[in-house]
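A quick write-up on the structure given underneath.
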Amino acid sequence: MGTGMSVAMAVALLALLVAAFTLVALIGVYARVRGLEAASGDTGLSGYATLVGRPAPASVRPGPGEGCSLVAVLDGDCTLCATVFQALIAVNAADDVRVVALTDRIHDPAAGPGTGILRVDVAARADLYEGYAPTVLAVDAGGTVVARRFVYADTDLPELLRELVARARTPQNEVSRA
């Protein structure tokens with residue numbers, strides 16, 4: 001027998017190298033999303049313009065009798081986005097809150113018929129997309145984005161949505177990018 005490396009050992013080492021590279025890449029993506037979340041100024045780390053403080057597209061602004069809007073930027077193939085959509089349906093019952101779920105496409109045609117909140121509006125979604133979905137935005141009565149939150153699997157959605165509605169209804173609308 002030679003002193004060389006066996007095929008099984010070489011495959012195991014290659015698998016270990018691939019796993020280490022994948023871990024480093026995932027940590028980098030996580031750090032980038034968290035950095036984007038905390039970014040201030042006109043452009044975040046992703047190169048997308050920050051939304052807070054900017055006017056929202058007219059199609060998602062509150063209408064007459066509505067004090068604010070909650071706008072979710074969703075992806076048609078995202079499982080977590082479907083969870084956000086379901087949480088938004090409960091908020092939609094509030095009389096003075098306009099709820100809009102923007103998506104690029106509807107993956108499941110039965111995803112929400114009759115709710116009136118699901119909207120395929122590629123232009124508005126592109127204007128509000130910061131490189132991550134799902135994202136929920138609070139829009140005040142004047143049509144300005146006053147807060148934005150990224151949604152993760154462990155996010156307490158009812159609490160997040162209550163917080164964003166309260167932020168949008170606050171007269172001084174303290175700008176928040178957190």
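We label chains A, B, ... in the order they appear in the structure tokens, count residues from 1 in each chain, and number ligands from 1 in the order shown.
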
Segment 82-92 of chain A environment, 7 Å, only C-alpha atoms, sequence neighbours closer than 2 positions dropped, as number ranges by chain
A: 78-80, 94, 97-99, 101, 115, 157-158

Could you pull out the strand (DSSP E or B) residues of segment 3-169 of chain A, going by DSSP on the backbone, and write them as a VMD selection string?
chain A and resid 43 49 55 68 to 73 97 to 103 118 to 120 135 to 139 144 to 150

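Comparing A:Ser59, A:Val139, A:Pro64, A:Ala72 by their smallest distance to Asp121 of chain A, the closest is A:Ser59 (using only C-alpha atoms).
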
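If you measure from each of A:Val151, A:Ala12, A:Cys81, A:Val145 to Pro57 of chain A using only C-alpha atoms, the closest one turns out to be A:Val145.
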
To one decimal in Å, tell me the separation between atom CA of Asp96 of chain A and atom CA of Ala58 of chain A.
17.0 Å

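Compared by their closest atoms to Thr170 of chain A, and using only C-alpha atoms, the residues A:Leu128, A:Asp77, A:Asp156, A:Gly67 rank with A:Gly67 nearest.
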